[in-house]
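Dropping entry13.txt in here (compact mmCIF, N, CA and C atoms):
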```txt
# COMPACT_ATOMS: atom_id res chain seq x y z
N MET A 245 131.91 61.48 89.03
CA MET A 245 130.63 61.42 88.36
C MET A 245 129.47 61.51 89.35
N LYS A 246 129.64 60.80 90.50
CA LYS A 246 128.58 60.84 91.50
C LYS A 246 128.46 62.23 92.11
N LEU A 247 129.57 62.95 92.23
CA LEU A 247 129.53 64.31 92.78
C LEU A 247 128.75 65.24 91.86
N LEU A 248 129.03 65.13 90.56
CA LEU A 248 128.31 65.95 89.59
C LEU A 248 126.83 65.60 89.57
N SER A 249 126.51 64.32 89.63
CA SER A 249 125.12 63.89 89.67
C SER A 249 124.43 64.37 90.94
N SER A 250 125.14 64.32 92.04
CA SER A 250 124.57 64.80 93.32
C SER A 250 124.27 66.29 93.25
N ALA A 251 125.17 67.04 92.67
CA ALA A 251 124.96 68.48 92.52
C ALA A 251 123.75 68.76 91.62
N ALA A 252 123.63 68.01 90.54
CA ALA A 252 122.50 68.18 89.63
C ALA A 252 121.18 67.85 90.33
N ILE A 253 121.18 66.84 91.16
CA ILE A 253 119.98 66.45 91.89
C ILE A 253 119.59 67.54 92.88
N LEU A 254 120.57 68.10 93.58
CA LEU A 254 120.29 69.17 94.53
C LEU A 254 119.74 70.42 93.83
N VAL A 255 120.33 70.77 92.68
CA VAL A 255 119.83 71.92 91.92
C VAL A 255 118.41 71.66 91.44
N LEU A 256 118.14 70.45 90.97
CA LEU A 256 116.80 70.11 90.51
C LEU A 256 115.79 70.18 91.65
N LEU A 257 116.16 69.71 92.83
CA LEU A 257 115.26 69.79 93.98
C LEU A 257 115.00 71.25 94.36
N ALA A 258 116.04 72.07 94.35
CA ALA A 258 115.88 73.48 94.69
C ALA A 258 114.94 74.17 93.69
N LEU A 259 115.14 73.90 92.40
CA LEU A 259 114.27 74.49 91.38
C LEU A 259 112.85 73.96 91.47
N SER A 260 112.69 72.72 91.92
CA SER A 260 111.36 72.13 92.06
C SER A 260 110.57 72.79 93.18
N LEU A 261 111.26 73.32 94.19
CA LEU A 261 110.57 73.97 95.30
C LEU A 261 110.11 75.38 94.95
N LEU A 262 110.70 75.99 93.95
CA LEU A 262 110.33 77.35 93.55
C LEU A 262 108.84 77.49 93.22
N PRO A 263 108.24 76.59 92.44
CA PRO A 263 106.80 76.73 92.18
C PRO A 263 105.94 76.69 93.44
N PHE A 264 106.37 75.94 94.46
CA PHE A 264 105.61 75.88 95.70
C PHE A 264 105.67 77.21 96.45
N PHE A 265 106.81 77.90 96.42
CA PHE A 265 106.90 79.22 97.04
C PHE A 265 106.05 80.24 96.30
N VAL A 266 106.05 80.18 94.97
CA VAL A 266 105.20 81.07 94.18
C VAL A 266 103.74 80.79 94.49
N LEU A 267 103.39 79.53 94.56
CA LEU A 267 102.02 79.12 94.86
C LEU A 267 101.59 79.64 96.23
N ARG A 268 102.46 79.54 97.21
CA ARG A 268 102.16 80.02 98.56
C ARG A 268 101.90 81.53 98.54
N SER A 269 102.72 82.27 97.83
CA SER A 269 102.55 83.72 97.75
C SER A 269 101.22 84.09 97.09
N LEU A 270 100.89 83.42 96.00
CA LEU A 270 99.62 83.69 95.33
C LEU A 270 98.42 83.37 96.21
N LEU A 271 98.51 82.26 96.93
CA LEU A 271 97.41 81.89 97.83
C LEU A 271 97.25 82.91 98.95
N LEU A 272 98.35 83.41 99.50
CA LEU A 272 98.27 84.40 100.58
C LEU A 272 97.60 85.69 100.10
N VAL A 273 97.94 86.13 98.89
CA VAL A 273 97.32 87.33 98.34
C VAL A 273 95.82 87.10 98.13
N PHE A 274 95.46 85.96 97.58
CA PHE A 274 94.05 85.65 97.34
C PHE A 274 93.28 85.58 98.66
N LEU A 275 93.84 84.94 99.67
CA LEU A 275 93.16 84.82 100.96
C LEU A 275 93.01 86.18 101.64
N GLU A 276 94.00 87.06 101.45
CA GLU A 276 93.91 88.40 102.01
C GLU A 276 92.75 89.17 101.38
N LYS A 277 92.62 89.07 100.07
CA LYS A 277 91.50 89.73 99.37
C LYS A 277 90.16 89.15 99.83
N LEU A 278 90.13 87.84 100.03
CA LEU A 278 88.91 87.19 100.49
C LEU A 278 88.53 87.67 101.89
N ARG A 279 89.50 87.79 102.79
CA ARG A 279 89.25 88.31 104.14
C ARG A 279 88.76 89.75 104.10
N LEU A 280 89.38 90.57 103.24
CA LEU A 280 88.94 91.96 103.12
C LEU A 280 87.50 92.05 102.63
N LYS A 281 87.17 91.21 101.66
CA LYS A 281 85.81 91.23 101.10
C LYS A 281 84.79 90.79 102.15
N ALA A 282 85.14 89.79 102.96
CA ALA A 282 84.20 89.24 103.93
C ALA A 282 84.10 90.07 105.21
N ARG A 283 85.23 90.55 105.73
CA ARG A 283 85.21 91.19 107.05
C ARG A 283 85.73 92.62 107.07
N GLY A 284 85.95 93.20 105.91
CA GLY A 284 86.55 94.53 105.87
C GLY A 284 85.61 95.64 106.29
N GLU A 285 86.19 96.67 106.91
CA GLU A 285 85.48 97.90 107.27
C GLU A 285 85.76 98.93 106.19
N HIS A 286 84.79 99.77 105.92
CA HIS A 286 84.96 100.80 104.89
C HIS A 286 85.34 102.13 105.53
N ALA A 287 86.18 102.88 104.84
CA ALA A 287 86.58 104.21 105.28
C ALA A 287 86.83 105.07 104.05
N GLU A 288 86.86 106.37 104.27
CA GLU A 288 87.19 107.31 103.20
C GLU A 288 88.64 107.74 103.40
N GLY A 289 89.40 107.72 102.32
CA GLY A 289 90.79 108.14 102.38
C GLY A 289 91.04 109.28 101.40
N ILE A 290 92.26 109.82 101.47
CA ILE A 290 92.67 110.92 100.61
C ILE A 290 93.87 110.45 99.78
N CYS A 291 93.83 110.69 98.49
CA CYS A 291 94.96 110.37 97.60
C CYS A 291 96.11 111.33 97.96
N THR A 292 97.27 110.77 98.32
CA THR A 292 98.41 111.61 98.71
C THR A 292 99.59 111.51 97.75
N GLY A 293 99.55 110.57 96.82
CA GLY A 293 100.66 110.44 95.89
C GLY A 293 100.48 109.27 94.94
N TYR A 294 101.52 109.05 94.15
CA TYR A 294 101.46 108.02 93.11
C TYR A 294 102.76 107.22 93.09
N SER A 295 102.68 106.05 92.51
CA SER A 295 103.87 105.26 92.22
C SER A 295 103.63 104.59 90.88
N SER A 296 104.69 104.21 90.24
CA SER A 296 104.52 103.47 88.99
C SER A 296 105.53 102.34 88.97
N GLY A 297 105.13 101.26 88.37
CA GLY A 297 105.99 100.09 88.29
C GLY A 297 105.65 99.30 87.06
N ARG A 298 106.20 98.11 86.99
CA ARG A 298 105.98 97.32 85.79
C ARG A 298 104.56 96.77 85.69
N TYR A 299 103.81 96.78 86.80
CA TYR A 299 102.44 96.28 86.76
C TYR A 299 101.41 97.39 86.63
N GLY A 300 101.85 98.62 86.46
CA GLY A 300 100.91 99.73 86.29
C GLY A 300 101.13 100.81 87.33
N ASN A 301 100.18 101.69 87.39
CA ASN A 301 100.26 102.82 88.31
C ASN A 301 99.68 102.45 89.67
N GLY A 302 100.28 102.97 90.71
CA GLY A 302 99.78 102.77 92.05
C GLY A 302 99.38 104.10 92.65
N VAL A 303 98.47 104.07 93.62
CA VAL A 303 98.00 105.27 94.27
C VAL A 303 98.21 105.11 95.77
N GLU A 304 98.86 106.11 96.39
CA GLU A 304 99.04 106.12 97.84
C GLU A 304 97.85 106.82 98.47
N ILE A 305 97.25 106.19 99.47
CA ILE A 305 96.05 106.72 100.10
C ILE A 305 96.24 106.74 101.62
N ARG A 306 95.91 107.86 102.23
CA ARG A 306 95.91 107.97 103.70
C ARG A 306 94.46 107.93 104.17
N PHE A 307 94.21 107.16 105.25
CA PHE A 307 92.86 107.06 105.80
C PHE A 307 92.96 106.89 107.31
N GLU A 308 91.84 107.06 107.99
CA GLU A 308 91.77 106.84 109.43
C GLU A 308 90.98 105.58 109.70
N ASP A 309 91.53 104.72 110.60
CA ASP A 309 90.81 103.51 110.96
C ASP A 309 89.74 103.83 111.99
N GLY A 310 89.05 102.82 112.48
CA GLY A 310 87.96 103.01 113.44
C GLY A 310 88.41 103.64 114.74
N ASP A 311 89.69 103.51 115.09
CA ASP A 311 90.23 104.11 116.32
C ASP A 311 90.74 105.53 116.09
N GLY A 312 90.61 106.03 114.87
CA GLY A 312 91.06 107.38 114.57
C GLY A 312 92.54 107.50 114.24
N ARG A 313 93.22 106.37 114.11
CA ARG A 313 94.65 106.39 113.76
C ARG A 313 94.82 106.57 112.27
N SER A 314 95.80 107.37 111.90
CA SER A 314 96.08 107.60 110.48
C SER A 314 96.83 106.40 109.92
N ARG A 315 96.37 105.90 108.81
CA ARG A 315 96.98 104.75 108.13
C ARG A 315 97.28 105.11 106.70
N ARG A 316 98.15 104.31 106.08
CA ARG A 316 98.53 104.53 104.68
C ARG A 316 98.41 103.21 103.96
N THR A 317 97.87 103.25 102.76
CA THR A 317 97.83 102.05 101.91
C THR A 317 98.27 102.44 100.51
N LEU A 318 98.80 101.48 99.81
CA LEU A 318 99.25 101.70 98.45
C LEU A 318 98.54 100.71 97.55
N SER A 319 97.73 101.23 96.64
CA SER A 319 97.07 100.39 95.65
C SER A 319 98.08 100.15 94.53
N HIS A 320 98.52 98.91 94.37
CA HIS A 320 99.62 98.62 93.44
C HIS A 320 99.21 98.62 91.98
N SER A 321 97.98 98.32 91.69
CA SER A 321 97.58 98.28 90.27
C SER A 321 96.24 98.99 90.11
N TRP A 322 96.31 100.26 89.93
CA TRP A 322 95.10 101.08 89.78
C TRP A 322 94.55 100.92 88.38
N ARG A 323 93.25 100.74 88.28
CA ARG A 323 92.60 100.64 86.96
C ARG A 323 91.74 101.88 86.75
N GLY A 324 91.78 102.38 85.56
CA GLY A 324 90.98 103.55 85.23
C GLY A 324 91.76 104.84 85.43
N THR A 325 91.02 105.94 85.51
CA THR A 325 91.63 107.25 85.67
C THR A 325 92.17 107.42 87.07
N LEU A 326 93.39 107.89 87.17
CA LEU A 326 93.99 108.11 88.49
C LEU A 326 93.31 109.29 89.18
N PRO A 327 93.07 109.18 90.49
CA PRO A 327 92.49 110.32 91.20
C PRO A 327 93.52 111.44 91.35
N GLU A 328 93.05 112.65 91.47
CA GLU A 328 93.94 113.78 91.72
C GLU A 328 94.40 113.73 93.17
N ARG A 329 95.54 114.35 93.44
CA ARG A 329 95.97 114.46 94.85
C ARG A 329 94.92 115.24 95.61
N GLY A 330 94.55 114.71 96.77
CA GLY A 330 93.53 115.35 97.58
C GLY A 330 92.12 114.82 97.34
N ASP A 331 91.94 114.02 96.29
CA ASP A 331 90.62 113.43 96.03
C ASP A 331 90.30 112.36 97.06
N THR A 332 89.02 112.18 97.33
CA THR A 332 88.56 111.16 98.26
C THR A 332 88.50 109.81 97.55
N VAL A 333 89.01 108.78 98.22
CA VAL A 333 89.05 107.42 97.67
C VAL A 333 88.54 106.47 98.76
N GLY A 334 87.67 105.54 98.38
CA GLY A 334 87.18 104.56 99.34
C GLY A 334 88.23 103.51 99.64
N VAL A 335 88.29 103.09 100.90
CA VAL A 335 89.28 102.10 101.37
C VAL A 335 88.55 101.03 102.17
N VAL A 336 89.02 99.80 102.08
CA VAL A 336 88.54 98.70 102.91
C VAL A 336 89.74 98.20 103.72
N TYR A 337 89.55 98.01 105.03
CA TYR A 337 90.64 97.52 105.88
C TYR A 337 90.09 96.52 106.89
N LEU A 338 90.97 95.69 107.44
CA LEU A 338 90.56 94.73 108.46
C LEU A 338 90.58 95.43 109.81
N PRO A 339 89.50 95.37 110.58
CA PRO A 339 89.45 96.08 111.86
C PRO A 339 90.53 95.61 112.84
N GLY A 340 90.82 94.33 112.88
CA GLY A 340 91.85 93.81 113.78
C GLY A 340 93.26 94.05 113.30
N ASP A 341 93.43 94.34 112.02
CA ASP A 341 94.75 94.55 111.42
C ASP A 341 94.62 95.58 110.31
N PRO A 342 94.54 96.88 110.66
CA PRO A 342 94.30 97.92 109.66
C PRO A 342 95.41 98.06 108.62
N GLU A 343 96.56 97.44 108.86
CA GLU A 343 97.62 97.47 107.85
C GLU A 343 97.21 96.67 106.61
N VAL A 344 96.29 95.73 106.77
CA VAL A 344 95.76 94.97 105.64
C VAL A 344 94.61 95.78 105.07
N SER A 345 94.86 96.41 103.94
CA SER A 345 93.85 97.30 103.36
C SER A 345 93.98 97.32 101.84
N ASP A 346 92.93 97.81 101.21
CA ASP A 346 92.91 97.93 99.75
C ASP A 346 91.86 98.96 99.37
N VAL A 347 91.88 99.32 98.11
CA VAL A 347 90.91 100.29 97.60
C VAL A 347 89.54 99.64 97.55
N SER A 348 88.52 100.40 97.90
CA SER A 348 87.15 99.92 97.85
C SER A 348 86.52 100.31 96.52
N PRO A 349 85.68 99.52 95.95
CA PRO A 349 85.29 98.18 96.37
C PRO A 349 86.34 97.15 95.93
N ILE A 350 86.40 96.07 96.68
CA ILE A 350 87.28 94.97 96.30
C ILE A 350 86.73 94.41 94.99
N ARG A 351 87.59 94.32 93.99
CA ARG A 351 87.14 93.80 92.70
C ARG A 351 86.63 92.37 92.83
N SER A 352 85.86 91.97 91.89
CA SER A 352 85.31 90.62 91.90
C SER A 352 86.42 89.59 92.07
N LEU A 353 86.17 88.64 92.95
CA LEU A 353 87.17 87.60 93.19
C LEU A 353 87.05 86.44 92.21
N LEU A 354 86.01 86.46 91.37
CA LEU A 354 85.81 85.37 90.41
C LEU A 354 86.99 85.22 89.44
N PRO A 355 87.50 86.31 88.82
CA PRO A 355 88.67 86.11 87.95
C PRO A 355 89.87 85.56 88.71
N ASN A 356 90.05 86.00 89.96
CA ASN A 356 91.15 85.48 90.76
C ASN A 356 90.94 84.00 91.07
N ALA A 357 89.70 83.61 91.33
CA ALA A 357 89.41 82.20 91.63
C ALA A 357 89.65 81.33 90.40
N VAL A 358 89.24 81.82 89.23
CA VAL A 358 89.48 81.07 87.99
C VAL A 358 90.98 80.95 87.74
N TYR A 359 91.68 82.07 87.92
CA TYR A 359 93.14 82.06 87.75
C TYR A 359 93.78 81.05 88.70
N MET A 360 93.34 81.05 89.96
CA MET A 360 93.91 80.12 90.94
C MET A 360 93.57 78.68 90.58
N ALA A 361 92.38 78.46 90.02
CA ALA A 361 91.98 77.10 89.64
C ALA A 361 92.86 76.56 88.52
N VAL A 362 93.43 77.44 87.72
CA VAL A 362 94.32 77.02 86.65
C VAL A 362 95.76 76.93 87.14
N ILE A 363 96.21 77.95 87.84
CA ILE A 363 97.62 78.03 88.19
C ILE A 363 98.02 77.08 89.33
N VAL A 364 97.10 76.82 90.27
CA VAL A 364 97.44 75.93 91.39
C VAL A 364 97.80 74.52 90.90
N PRO A 365 96.95 73.87 90.10
CA PRO A 365 97.35 72.54 89.61
C PRO A 365 98.60 72.57 88.73
N LEU A 366 98.74 73.63 87.94
CA LEU A 366 99.90 73.73 87.07
C LEU A 366 101.20 73.84 87.88
N LEU A 367 101.23 74.74 88.86
CA LEU A 367 102.43 74.88 89.68
C LEU A 367 102.69 73.63 90.52
N THR A 368 101.63 73.01 90.99
CA THR A 368 101.78 71.77 91.76
C THR A 368 102.37 70.67 90.89
N ALA A 369 101.89 70.56 89.67
CA ALA A 369 102.40 69.52 88.75
C ALA A 369 103.86 69.77 88.40
N VAL A 370 104.22 71.03 88.14
CA VAL A 370 105.62 71.35 87.81
C VAL A 370 106.53 71.03 88.98
N GLY A 371 106.14 71.47 90.17
CA GLY A 371 106.97 71.20 91.35
C GLY A 371 107.08 69.72 91.66
N ALA A 372 105.95 69.03 91.61
CA ALA A 372 105.96 67.59 91.92
C ALA A 372 106.75 66.81 90.88
N SER A 373 106.64 67.18 89.61
CA SER A 373 107.40 66.45 88.59
C SER A 373 108.90 66.66 88.78
N GLY A 374 109.30 67.85 89.20
CA GLY A 374 110.73 68.07 89.48
C GLY A 374 111.22 67.23 90.63
N VAL A 375 110.42 67.14 91.69
CA VAL A 375 110.80 66.32 92.84
C VAL A 375 110.87 64.85 92.43
N LEU A 376 109.89 64.37 91.66
CA LEU A 376 109.91 62.97 91.21
C LEU A 376 111.11 62.69 90.31
N LEU A 377 111.44 63.64 89.44
CA LEU A 377 112.61 63.46 88.58
C LEU A 377 113.88 63.40 89.42
N ALA A 378 113.98 64.23 90.44
CA ALA A 378 115.15 64.20 91.32
C ALA A 378 115.24 62.86 92.04
N ILE A 379 114.13 62.33 92.50
CA ILE A 379 114.12 61.03 93.17
C ILE A 379 114.55 59.93 92.19
N PHE A 380 114.04 59.98 90.97
CA PHE A 380 114.41 59.00 89.95
C PHE A 380 115.92 59.06 89.67
N LEU A 381 116.44 60.29 89.52
CA LEU A 381 117.89 60.43 89.26
C LEU A 381 118.70 59.94 90.44
N ALA A 382 118.28 60.28 91.63
CA ALA A 382 118.99 59.82 92.83
C ALA A 382 119.01 58.31 92.92
N HIS A 383 117.87 57.71 92.62
CA HIS A 383 117.79 56.25 92.67
C HIS A 383 118.69 55.61 91.62
N SER A 384 118.73 56.16 90.43
CA SER A 384 119.54 55.57 89.37
C SER A 384 121.03 55.83 89.58
N VAL A 385 121.39 56.89 90.25
CA VAL A 385 122.82 57.20 90.46
C VAL A 385 123.36 56.50 91.70
N TRP A 386 122.61 56.52 92.79
CA TRP A 386 123.14 56.04 94.05
C TRP A 386 122.83 54.58 94.33
N PHE A 387 121.87 53.99 93.66
CA PHE A 387 121.50 52.61 93.98
C PHE A 387 121.75 51.69 92.82
```

So, in terms of structure tokens, how does the structure I just supplied come out?
Amino acid sequence: MKLLSSAAILVLLALSLLPFFVLRSLLLVFLEKLRLKARGEHAEGICTGYSSGRYGNGVEIRFEDGDGRSRRTLSHSWRGTLPERGDTVGVVYLPGDPEVSDVSPIRSLLPNAVYMAVIVPLLTAVGASGVLLAIFLAHSVWF
């Protein structure tokens, strides 16, 4: 019985950590957009191709950074009419790390901030409640 309870507690702890990993990923994406908006350099790129996925259409764009090096970025969720191949598209990139780039202009961060204000406490509460439940179960089984 204790073995089964121990396994259940370990599974519960593992599942409780999942919201924290999701939260970390969301925060990293938001912070990247914030850095691009604050310190990004603008460049003109050329549409070279397309991708499609479950979140919408993406556009592949080639551009040159400030050092003249050719770079590639993929806009994962394009809104509006897709550009034709060969069309000029604005790009924003970080001068110190040109691999961090996105289509210009960076969309308003307000919806992302509102989303984060809702999802951060929710994911934190779900993860913390799972950890507390695991501690409660461990205490009742082992002590």

Quick check, in Å to one decimal: how far apart do CA of Leu354 in chain A and atom N of Leu278 in chain A lie?
10.8 Å

So which residues touch Val266 in chain A within 9 Å, counting only C-alpha atoms, skipping near sequence neighbours fewer than 5 positions away, as a PDB file with N, CA and C atoms, keeping the file's coordinate frame?
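Generated file (out12.pdb):
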```
ATOM      1  N   LEU A 261     111.260  73.320  94.190  1.00  0.00           N
ATOM      2  CA  LEU A 261     110.570  73.970  95.300  1.00  0.00           C
ATOM      3  C   LEU A 261     110.110  75.380  94.950  1.00  0.00           C
ATOM      4  N   LEU A 271      98.510  82.260  96.930  1.00  0.00           N
ATOM      5  CA  LEU A 271      97.410  81.890  97.830  1.00  0.00           C
ATOM      6  C   LEU A 271      97.250  82.910  98.950  1.00  0.00           C
ATOM      7  N   LEU A 367     101.230  74.740  88.860  1.00  0.00           N
ATOM      8  CA  LEU A 367     102.430  74.880  89.680  1.00  0.00           C
ATOM      9  C   LEU A 367     102.690  73.630  90.520  1.00  0.00           C
TER      10      LEU A 367
END
```

Figure out the distance between CA of Thr317 in chain A and atom N of Asp346 in chain A, please, to one decimal in Å.
6.5 Å

Just the residues within 12 Å of Ser384 in chain A, please, counting only C-alpha atoms, with nothing from its chain fewer than 5 positions along; format it as a list in words.
Lys246, Ser249, Ser250, Ile253, Leu377, Ala378 and Ile379 of chain A

Using all atoms listed in the file, pick whichever of A:Pro339, A:His383, A:Leu318, A:Gly330 has the shortest atom-to-atom distance to Glu285 in chain A.
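Comparing A:Pro339, A:His383, A:Leu318, A:Gly330 against Glu285 in chain A, the winner is A:Pro339.
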
Looking only at the backbone, which of the residues in range 245-301 of chain A does DSSP tag as strand (DSSP E), as a list of chain:residue names?
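Across range 245-301 of chain A, those assigned strand (DSSP E) are A:Glu285, A:His286, A:Ala287, A:Glu288, A:Gly289, A:Ile290, A:Cys291, A:Thr292, A:Gly293, A:Tyr294, A:Ser295, A:Ser296, A:Gly297, A:Gly300, A:Asn301.
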
Distance in Å - CA of Ala258 in chain A versus CA of Ala361 in chain A:
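One can read the CA of Ala258 in chain A to CA of Ala361 in chain A distance as 24.7 Å.
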
Spatial neighbours of Ala372 in chain A, 12 Å, only C-alpha atoms, chain gap at least 2 places, as a list in words
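Close residues of Ala372 in chain A: Leu256, Leu257, Ala258, Leu259, Ser260, Leu261, Leu262, Pro263, Phe264, Val364, Pro365, Leu366, Leu367, Thr368, Ala369, Val370, Gly374, Val375, Leu376, Leu377, Ala378 and Ile379 of chain A.
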
Considering only helix (DSSP H, G or I) as DSSP defines it on the backbone, what residues of chain A qualify? List them as a ChimeraX atom specification.
/A:246-283,354-386

Could you check the closest approach to Ile290 in chain A for each of A:Asp311, A:Glu276, A:Glu328, A:Glu343 and tell me which residue wins, using only C-alpha atoms?
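Closest to Ile290 in chain A, using only C-alpha atoms: A:Glu328.
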
Given the choices A:Leu247, A:Leu272, A:Tyr359, A:Ala287, which gets closest to Gly334 in chain A if the distance is worked out from all atoms listed in the file?
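Looking at the shortest contact to Gly334 in chain A, the residue is A:Ala287.
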
For a quick check of understanding, using only N, CA and C atoms, which of A:Arg279, A:Val347, A:Val303, A:Met360 has the smallest distance to Pro327 in chain A?
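Going through A:Arg279, A:Val347, A:Val303, A:Met360 one by one, the smallest distance to Pro327 in chain A is for A:Val303.
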